[in-house]
Amino acid sequence: MSNTETYLESLLSSRKIVRNYKKVNFDKNSLDKISNYIIKIPTAGFSRGIEVVQVFNKNTIENISNLLNEKKFTEQGKSPWISHSVALFFIVLNENAYHERYSKGDKEKAVNSNDWDVPYWFIDAGAAMMNCMLLLEEKKLSSGFMGLHNTNRKSFHKLLNIPQDYLIIGMITAGVEKKTNMKSPDKIQKKKLIHNEKFSK
Ligand SMILES: Cc1cc2nc3c(=O)[nH]c(=O)nc-3n(C[C@H](O)[C@H](O)[C@H](O)COP(=O)(O)O)c2cc1C
């Protein structure tokens, strides 16, 4: 943390996606309240359609790594990722909560949630993801994110008892980084992402 950085700025600066974790014994009690803060997000219309399924059980984590074919990757020489996680956090979307909320009288004049040009539930899910990653960073844990594309989604619903009408947005992994000697990729070209007063190329 540099002298000029605030604590939040230092968490934001140090957070990065980490996909290789050490096998560690971790006291899950230190994470027992984390989900209360993960879901401390603003939601469109206060619909509260973003939920979290926290997984600490070692066998369940192992089952999830099997569903994601981790063995195939470790056989190719990649480091274990999911199986060495100390916890997994699934961000799940109850889209119906948004439609129900926006069908209420006080939202009569609002654009119908089925017609939103920006589906606000994805914004809310991203906010929960970022809360989770920063909370883990604060606990000196690294985090990663895994989407469920290319997987059999039904098997995740079944394993975690998630209702079929919910959408699993993705999974945040928590673990202790295993430092490797792997060469970091060539310096990523700088991209202009901040525009001062007006958009400019
Ligand atoms: C919405 C979202 C989806 C992602 N999906 C995956 C994924 O399925 N698998 C994966 O290995 N990384 C995934 N990532 C991580 C990114 O590929 C990449 O590692 C990240 O943008 C690097 O950020 P960092 O430089 O801040 O660590 C995802 C990230 C986000 C935000």
# chains A, B, ... in the order shown; residues from 1 in each chain; ligands from 1
call {"tool": "closest_atom_pairs", "arguments": {"of": "chain A", "to": "ligand 1", "cutoff": "9 Å", "atoms": "only C-alpha atoms and all ligand atoms", "output": "JSON lines"}}
result
{"residue": "A:Leu12", "atom": "CA", "partner": "ligand 1", "partner_atom_place_in_ligand_line": "26 (O)", "distance": 9.0}
{"residue": "A:Ser13", "atom": "CA", "partner": "ligand 1", "partner_atom_place_in_ligand_line": "26 (O)", "distance": 8.8}
{"residue": "A:Ser14", "atom": "CA", "partner": "ligand 1", "partner_atom_place_in_ligand_line": "26 (O)", "distance": 8.8}
{"residue": "A:Arg15", "atom": "CA", "partner": "ligand 1", "partner_atom_place_in_ligand_line": "26 (O)", "distance": 6.4}
{"residue": "A:Lys16", "atom": "CA", "partner": "ligand 1", "partner_atom_place_in_ligand_line": "27 (O)", "distance": 3.2}
{"residue": "A:Ile17", "atom": "CA", "partner": "ligand 1", "partner_atom_place_in_ligand_line": "27 (O)", "distance": 3.5}
{"residue": "A:Val18", "atom": "CA", "partner": "ligand 1", "partner_atom_place_in_ligand_line": "27 (O)", "distance": 6.8}
{"residue": "A:Arg19", "atom": "CA", "partner": "ligand 1", "partner_atom_place_in_ligand_line": "11 (O)", "distance": 6.9}
{"residue": "A:Gly126", "atom": "CA", "partner": "ligand 1", "partner_atom_place_in_ligand_line": "1 (C)", "distance": 7.3}
{"residue": "A:Met129", "atom": "CA", "partner": "ligand 1", "partner_atom_place_in_ligand_line": "31 (C)", "distance": 8.2}
{"residue": "A:Met130", "atom": "CA", "partner": "ligand 1", "partner_atom_place_in_ligand_line": "31 (C)", "distance": 8.7}
{"residue": "A:Ser143", "atom": "CA", "partner": "ligand 1", "partner_atom_place_in_ligand_line": "27 (O)", "distance": 8.8}
{"residue": "A:Gly144", "atom": "CA", "partner": "ligand 1", "partner_atom_place_in_ligand_line": "15 (C)", "distance": 6.6}
{"residue": "A:Phe145", "atom": "CA", "partner": "ligand 1", "partner_atom_place_in_ligand_line": "13 (C)", "distance": 4.9}
{"residue": "A:Met146", "atom": "CA", "partner": "ligand 1", "partner_atom_place_in_ligand_line": "8 (O)", "distance": 3.7}
{"residue": "A:Gly147", "atom": "CA", "partner": "ligand 1", "partner_atom_place_in_ligand_line": "8 (O)", "distance": 3.8}
{"residue": "A:Leu148", "atom": "CA", "partner": "ligand 1", "partner_atom_place_in_ligand_line": "8 (O)", "distance": 6.6}
{"residue": "A:His149", "atom": "CA", "partner": "ligand 1", "partner_atom_place_in_ligand_line": "8 (O)", "distance": 7.1}
{"residue": "A:Ile169", "atom": "CA", "partner": "ligand 1", "partner_atom_place_in_ligand_line": "1 (C)", "distance": 8.4}
{"residue": "A:Gly170", "atom": "CA", "partner": "ligand 1", "partner_atom_place_in_ligand_line": "3 (C)", "distance": 7.5}
{"residue": "A:Met171", "atom": "CA", "partner": "ligand 1", "partner_atom_place_in_ligand_line": "8 (O)", "distance": 8.6}
call {"tool": "write_last_selection", "arguments": {"atoms": "N, CA, C and O atoms", "output": "CSV table (one decimal), in the first residue's frame"}}
result
chain,number,residue,atom,x,y,z
A,12,LEU,N,-8.2,-2.7,-4.3
A,12,LEU,CA,-8.5,-2.7,-5.7
A,12,LEU,C,-7.2,-2.8,-6.5
A,12,LEU,O,-7.2,-3.6,-7.5
A,13,SER,N,-6.2,-2.2,-6.1
A,13,SER,CA,-4.9,-2.3,-6.8
A,13,SER,C,-4.3,-3.7,-6.8
A,13,SER,O,-3.8,-4.2,-7.7
A,14,SER,N,-4.4,-4.4,-5.6
A,14,SER,CA,-3.8,-5.7,-5.5
A,14,SER,C,-4.7,-6.8,-6.0
A,14,SER,O,-4.1,-7.9,-6.3
A,15,ARG,N,-6.0,-6.7,-6.1
A,15,ARG,CA,-6.8,-7.7,-6.6
A,15,ARG,C,-6.5,-8.1,-8.1
A,15,ARG,O,-6.3,-7.3,-8.9
A,16,LYS,N,-6.3,-9.4,-8.3
A,16,LYS,CA,-6.2,-9.9,-9.7
A,16,LYS,C,-6.8,-11.3,-9.7
A,16,LYS,O,-6.9,-11.9,-8.7
A,17,ILE,N,-7.1,-11.7,-10.9
A,17,ILE,CA,-7.6,-13.1,-11.1
A,17,ILE,C,-6.5,-14.1,-10.9
A,17,ILE,O,-5.4,-14.0,-11.5
A,18,VAL,N,-6.7,-15.0,-10.0
A,18,VAL,CA,-5.7,-16.0,-9.7
A,18,VAL,C,-6.3,-17.4,-9.9
A,18,VAL,O,-7.3,-17.7,-9.4
A,19,ARG,N,-5.6,-18.2,-10.8
A,19,ARG,CA,-6.2,-19.5,-11.1
A,19,ARG,C,-5.4,-20.7,-10.6
A,19,ARG,O,-5.6,-21.8,-11.1
A,126,GLY,N,-22.8,-8.4,-11.2
A,126,GLY,CA,-21.4,-7.9,-11.3
A,126,GLY,C,-20.9,-7.2,-10.0
A,126,GLY,O,-19.8,-7.4,-9.5
A,129,MET,N,-20.3,-9.9,-7.5
A,129,MET,CA,-19.0,-10.5,-7.8
A,129,MET,C,-17.8,-9.7,-7.3
A,129,MET,O,-16.9,-10.2,-6.6
A,130,MET,N,-17.9,-8.4,-7.5
A,130,MET,CA,-16.8,-7.5,-7.1
A,130,MET,C,-16.7,-7.4,-5.6
A,130,MET,O,-15.7,-7.4,-5.0
A,143,SER,N,-8.7,-14.5,-5.6
A,143,SER,CA,-10.0,-15.0,-6.2
A,143,SER,C,-9.8,-15.1,-7.7
A,143,SER,O,-9.0,-14.6,-8.3
A,144,GLY,N,-10.8,-15.9,-8.2
A,144,GLY,CA,-10.9,-16.2,-9.6
A,144,GLY,C,-12.3,-16.2,-10.0
A,144,GLY,O,-13.2,-16.1,-9.1
A,145,PHE,N,-12.6,-16.2,-11.3
A,145,PHE,CA,-14.0,-16.3,-11.7
A,145,PHE,C,-14.1,-17.3,-12.8
A,145,PHE,O,-13.3,-17.4,-13.7
A,146,MET,N,-15.2,-18.1,-12.7
A,146,MET,CA,-15.4,-19.1,-13.7
A,146,MET,C,-16.8,-19.1,-14.2
A,146,MET,O,-17.7,-19.2,-13.3
A,147,GLY,N,-17.0,-18.9,-15.4
A,147,GLY,CA,-18.4,-19.0,-16.0
A,147,GLY,C,-18.7,-20.4,-16.2
A,147,GLY,O,-17.9,-21.3,-16.2
A,148,LEU,N,-20.0,-20.7,-16.4
A,148,LEU,CA,-20.4,-22.1,-16.6
A,148,LEU,C,-20.7,-22.4,-18.1
A,148,LEU,O,-21.3,-23.4,-18.4
A,149,HIS,N,-20.2,-21.5,-19.0
A,149,HIS,CA,-20.3,-21.9,-20.4
A,149,HIS,C,-19.6,-23.1,-20.7
A,149,HIS,O,-18.6,-23.4,-20.0
A,169,ILE,N,-24.9,-17.3,-12.6
A,169,ILE,CA,-24.1,-16.4,-13.4
A,169,ILE,C,-22.7,-16.8,-13.5
A,169,ILE,O,-22.1,-16.7,-14.5
A,170,GLY,N,-22.2,-17.4,-12.4
A,170,GLY,CA,-20.8,-17.9,-12.4
A,170,GLY,C,-20.4,-18.1,-11.0
A,170,GLY,O,-21.1,-18.0,-10.0
A,171,MET,N,-19.1,-18.5,-10.9
A,171,MET,CA,-18.6,-19.0,-9.6
A,171,MET,C,-17.3,-18.2,-9.3
A,171,MET,O,-16.4,-18.1,-10.2
call {"tool": "select_by_dssp", "arguments": {"residues": "chain A", "states": "strand (DSSP E or B)", "output": "ChimeraX atom specification"}}
result
/A:17,21,50-55,87-93,142-146,167-175,177
call {"tool": "select_by_dssp", "arguments": {"residues": "stretch 95-185 of chain A", "states": "alpha helix (DSSP H)", "output": "PyMOL selection string"}}
result
chain A and resi 95-101+120-138+153-160
call {"tool": "residues_around", "arguments": {"residues": "A:Gly49", "least_positions_apart": "5", "cutoff": "6 Å", "atoms": "only C-alpha atoms", "output": "list in words"}}
result
Leu93, Asn94 and Ala97 of chain A
call {"tool": "closest_residue", "arguments": {"among": "A:Val92, A:Ile64, A:Val24, A:Ile34", "to": "A:Ala125", "atoms": "only C-alpha atoms"}}
result
A:Val92
call {"tool": "residues_around", "arguments": {"residues": "A:Lys33", "least_positions_apart": "5", "cutoff": "12 Å", "atoms": "only C-alpha atoms", "output": "list in words"}}
result
Lys28, Ile38, Ile39, Lys40, Gln54, Cys132, Leu135, Leu136 and Lys139 of chain A
call {"tool": "atom_distance", "arguments": {"atom1": "atom CA of A:Glu100", "atom2": "atom CA of A:Ser113"}}
result
9.1 Å
call {"tool": "closest_atom_pairs", "arguments": {"of": "stretch 18-135 of chain A", "to": "stretch 172-190 of chain A", "cutoff": "9 Å", "atoms": "only C-alpha atoms", "output": "tab-separated table"}}
result
residue	atom	partner	partner_atom	distance
A:Val18	CA	A:Glu177	CA	6.7
A:Arg19	CA	A:Glu177	CA	7.9
A:Asn20	CA	A:Lys178	CA	5.7
A:Tyr21	CA	A:Glu177	CA	4.5
A:Lys22	CA	A:Lys178	CA	4.9
A:Lys23	CA	A:Val176	CA	7.9
A:Val24	CA	A:Val176	CA	7.5
A:Ser79	CA	A:Lys178	CA	8.7
A:Trp81	CA	A:Thr173	CA	8.3
A:Ile82	CA	A:Thr173	CA	6.8
A:His84	CA	A:Gly175	CA	6.9
A:Ser85	CA	A:Gly175	CA	4.7
A:Val86	CA	A:Gly175	CA	5.4
A:Ala87	CA	A:Ala174	CA	5.3
A:Leu88	CA	A:Thr173	CA	4.8
A:Phe89	CA	A:Ile172	CA	5.0
A:Phe90	CA	A:Ile172	CA	6.4
A:Ile91	CA	A:Ile172	CA	7.9
A:Met129	CA	A:Ile172	CA	7.2
A:Cys132	CA	A:Ile172	CA	7.6
A:Met133	CA	A:Ile172	CA	7.6
call {"tool": "atom_distance", "arguments": {"atom1": "atom CA of A:Asp124", "atom2": "atom CA of A:Thr43"}}
result
5.5 Å
call {"tool": "atom_distance", "arguments": {"atom1": "atom CA of A:Ile50", "atom2": "atom CA of A:Ser155"}}
result
20.5 Å
call {"tool": "decode", "arguments": {"residues": "stretch 9-48 of chain A", "atoms": "N, CA and C atoms", "output": "mmCIF file, in the first residue's frame"}}
result
data_model
loop_
_atom_site.group_PDB
_atom_site.id
_atom_site.type_symbol
_atom_site.label_atom_id
_atom_site.label_comp_id
_atom_site.auth_asym_id
_atom_site.auth_seq_id
_atom_site.Cartn_x
_atom_site.Cartn_y
_atom_site.Cartn_z
ATOM 1 N N GLU A 9 -8.528 1.607 -2.079
ATOM 2 C CA GLU A 9 -7.712 1.692 -3.299
ATOM 3 C C GLU A 9 -6.645 0.597 -3.314
ATOM 4 N N SER A 10 -6.073 0.309 -2.152
ATOM 5 C CA SER A 10 -5.027 -0.725 -2.111
ATOM 6 C C SER A 10 -5.621 -2.109 -2.386
ATOM 7 N N LEU A 11 -6.845 -2.353 -1.910
ATOM 8 C CA LEU A 11 -7.494 -3.647 -2.206
ATOM 9 C C LEU A 11 -7.754 -3.762 -3.706
ATOM 10 N N LEU A 12 -8.227 -2.653 -4.279
ATOM 11 C CA LEU A 12 -8.522 -2.654 -5.723
ATOM 12 C C LEU A 12 -7.243 -2.840 -6.536
ATOM 13 N N SER A 13 -6.161 -2.226 -6.072
ATOM 14 C CA SER A 13 -4.887 -2.335 -6.809
ATOM 15 C C SER A 13 -4.330 -3.747 -6.750
ATOM 16 N N SER A 14 -4.449 -4.390 -5.603
ATOM 17 C CA SER A 14 -3.800 -5.705 -5.473
ATOM 18 C C SER A 14 -4.658 -6.849 -6.010
ATOM 19 N N ARG A 15 -5.967 -6.655 -6.130
ATOM 20 C CA ARG A 15 -6.814 -7.740 -6.628
ATOM 21 C C ARG A 15 -6.463 -8.105 -8.068
ATOM 22 N N LYS A 16 -6.344 -9.378 -8.308
ATOM 23 C CA LYS A 16 -6.161 -9.872 -9.671
ATOM 24 C C LYS A 16 -6.760 -11.269 -9.723
ATOM 25 N N ILE A 17 -7.072 -11.719 -10.921
ATOM 26 C CA ILE A 17 -7.610 -13.072 -11.059
ATOM 27 C C ILE A 17 -6.471 -14.080 -10.877
ATOM 28 N N VAL A 18 -6.667 -15.015 -9.963
ATOM 29 C CA VAL A 18 -5.653 -16.049 -9.720
ATOM 30 C C VAL A 18 -6.294 -17.420 -9.931
ATOM 31 N N ARG A 19 -5.627 -18.240 -10.775
ATOM 32 C CA ARG A 19 -6.193 -19.546 -11.119
ATOM 33 C C ARG A 19 -5.351 -20.714 -10.625
ATOM 34 N N ASN A 20 -4.370 -20.460 -9.791
ATOM 35 C CA ASN A 20 -3.609 -21.583 -9.228
ATOM 36 C C ASN A 20 -3.408 -21.368 -7.733
ATOM 37 N N TYR A 21 -3.908 -22.340 -6.991
ATOM 38 C CA TYR A 21 -3.922 -22.203 -5.537
ATOM 39 C C TYR A 21 -3.123 -23.321 -4.880
ATOM 40 N N LYS A 22 -2.562 -22.988 -3.718
ATOM 41 C CA LYS A 22 -1.887 -23.998 -2.889
ATOM 42 C C LYS A 22 -2.944 -24.837 -2.205
ATOM 43 N N LYS A 23 -2.599 -26.086 -1.908
ATOM 44 C CA LYS A 23 -3.516 -26.901 -1.101
ATOM 45 C C LYS A 23 -3.293 -26.478 0.354
ATOM 46 N N VAL A 24 -4.295 -25.933 0.981
ATOM 47 C CA VAL A 24 -4.116 -25.445 2.361
ATOM 48 C C VAL A 24 -5.290 -25.890 3.232
ATOM 49 N N ASN A 25 -5.009 -25.945 4.493
ATOM 50 C CA ASN A 25 -6.103 -26.109 5.456
ATOM 51 C C ASN A 25 -6.527 -24.720 5.863
ATOM 52 N N PHE A 26 -7.783 -24.451 5.729
ATOM 53 C CA PHE A 26 -8.232 -23.086 5.967
ATOM 54 C C PHE A 26 -9.396 -23.104 6.940
ATOM 55 N N ASP A 27 -9.352 -22.171 7.868
ATOM 56 C CA ASP A 27 -10.426 -22.092 8.850
ATOM 57 C C ASP A 27 -11.596 -21.316 8.232
ATOM 58 N N LYS A 28 -12.625 -22.068 7.833
ATOM 59 C CA LYS A 28 -13.725 -21.420 7.111
ATOM 60 C C LYS A 28 -14.516 -20.436 7.987
ATOM 61 N N ASN A 29 -14.280 -20.499 9.315
ATOM 62 C CA ASN A 29 -15.000 -19.563 10.201
ATOM 63 C C ASN A 29 -14.707 -18.111 9.857
ATOM 64 N N SER A 30 -13.494 -17.879 9.306
ATOM 65 C CA SER A 30 -13.147 -16.484 8.985
ATOM 66 C C SER A 30 -13.975 -15.975 7.805
ATOM 67 N N LEU A 31 -14.660 -16.890 7.116
ATOM 68 C CA LEU A 31 -15.473 -16.464 5.970
ATOM 69 C C LEU A 31 -16.970 -16.590 6.262
ATOM 70 N N ASP A 32 -17.303 -16.875 7.526
ATOM 71 C CA ASP A 32 -18.706 -17.235 7.783
ATOM 72 C C ASP A 32 -19.707 -16.101 7.550
ATOM 73 N N LYS A 33 -19.232 -14.860 7.588
ATOM 74 C CA LYS A 33 -20.192 -13.762 7.391
ATOM 75 C C LYS A 33 -20.053 -13.109 6.020
ATOM 76 N N ILE A 34 -19.124 -13.596 5.233
ATOM 77 C CA ILE A 34 -18.766 -12.892 4.002
ATOM 78 C C ILE A 34 -19.974 -12.730 3.054
ATOM 79 N N SER A 35 -20.831 -13.738 2.998
ATOM 80 C CA SER A 35 -21.948 -13.663 2.042
ATOM 81 C C SER A 35 -22.954 -12.568 2.399
ATOM 82 N N ASN A 36 -23.025 -12.232 3.693
ATOM 83 C CA ASN A 36 -23.913 -11.116 4.085
ATOM 84 C C ASN A 36 -23.484 -9.830 3.392
ATOM 85 N N TYR A 37 -22.167 -9.704 3.196
ATOM 86 C CA TYR A 37 -21.639 -8.483 2.574
ATOM 87 C C TYR A 37 -21.598 -8.616 1.048
ATOM 88 N N ILE A 38 -21.454 -9.834 0.559
ATOM 89 C CA ILE A 38 -21.465 -10.028 -0.913
ATOM 90 C C ILE A 38 -22.784 -9.502 -1.471
ATOM 91 N N ILE A 39 -23.881 -9.818 -0.778
ATOM 92 C CA ILE A 39 -25.191 -9.414 -1.313
ATOM 93 C C ILE A 39 -25.601 -8.004 -0.864
ATOM 94 N N LYS A 40 -24.667 -7.282 -0.263
ATOM 95 C CA LYS A 40 -24.953 -5.895 0.126
ATOM 96 C C LYS A 40 -24.716 -5.017 -1.106
ATOM 97 N N ILE A 41 -25.665 -5.100 -2.012
ATOM 98 C CA ILE A 41 -25.524 -4.410 -3.308
ATOM 99 C C ILE A 41 -26.814 -3.652 -3.604
ATOM 100 N N PRO A 42 -26.715 -2.608 -4.407
ATOM 101 C CA PRO A 42 -27.958 -2.026 -4.901
ATOM 102 C C PRO A 42 -28.518 -2.935 -5.991
ATOM 103 N N THR A 43 -29.819 -3.114 -6.039
ATOM 104 C CA THR A 43 -30.425 -3.897 -7.135
ATOM 105 C C THR A 43 -31.510 -3.041 -7.781
ATOM 106 N N ALA A 44 -31.675 -3.200 -9.076
ATOM 107 C CA ALA A 44 -32.659 -2.392 -9.803
ATOM 108 C C ALA A 44 -34.026 -2.532 -9.134
ATOM 109 N N GLY A 45 -34.622 -1.392 -8.781
ATOM 110 C CA GLY A 45 -35.943 -1.397 -8.147
ATOM 111 C C GLY A 45 -35.951 -2.036 -6.773
ATOM 112 N N PHE A 46 -34.774 -2.276 -6.220
ATOM 113 C CA PHE A 46 -34.641 -3.048 -4.973
ATOM 114 C C PHE A 46 -35.343 -4.404 -5.136
ATOM 115 N N SER A 47 -35.096 -5.007 -6.294
ATOM 116 C CA SER A 47 -35.727 -6.303 -6.599
ATOM 117 C C SER A 47 -35.131 -7.433 -5.783
ATOM 118 N N ARG A 48 -33.886 -7.304 -5.414
ATOM 119 C CA ARG A 48 -33.164 -8.314 -4.634
ATOM 120 C C ARG A 48 -33.258 -9.701 -5.279
#
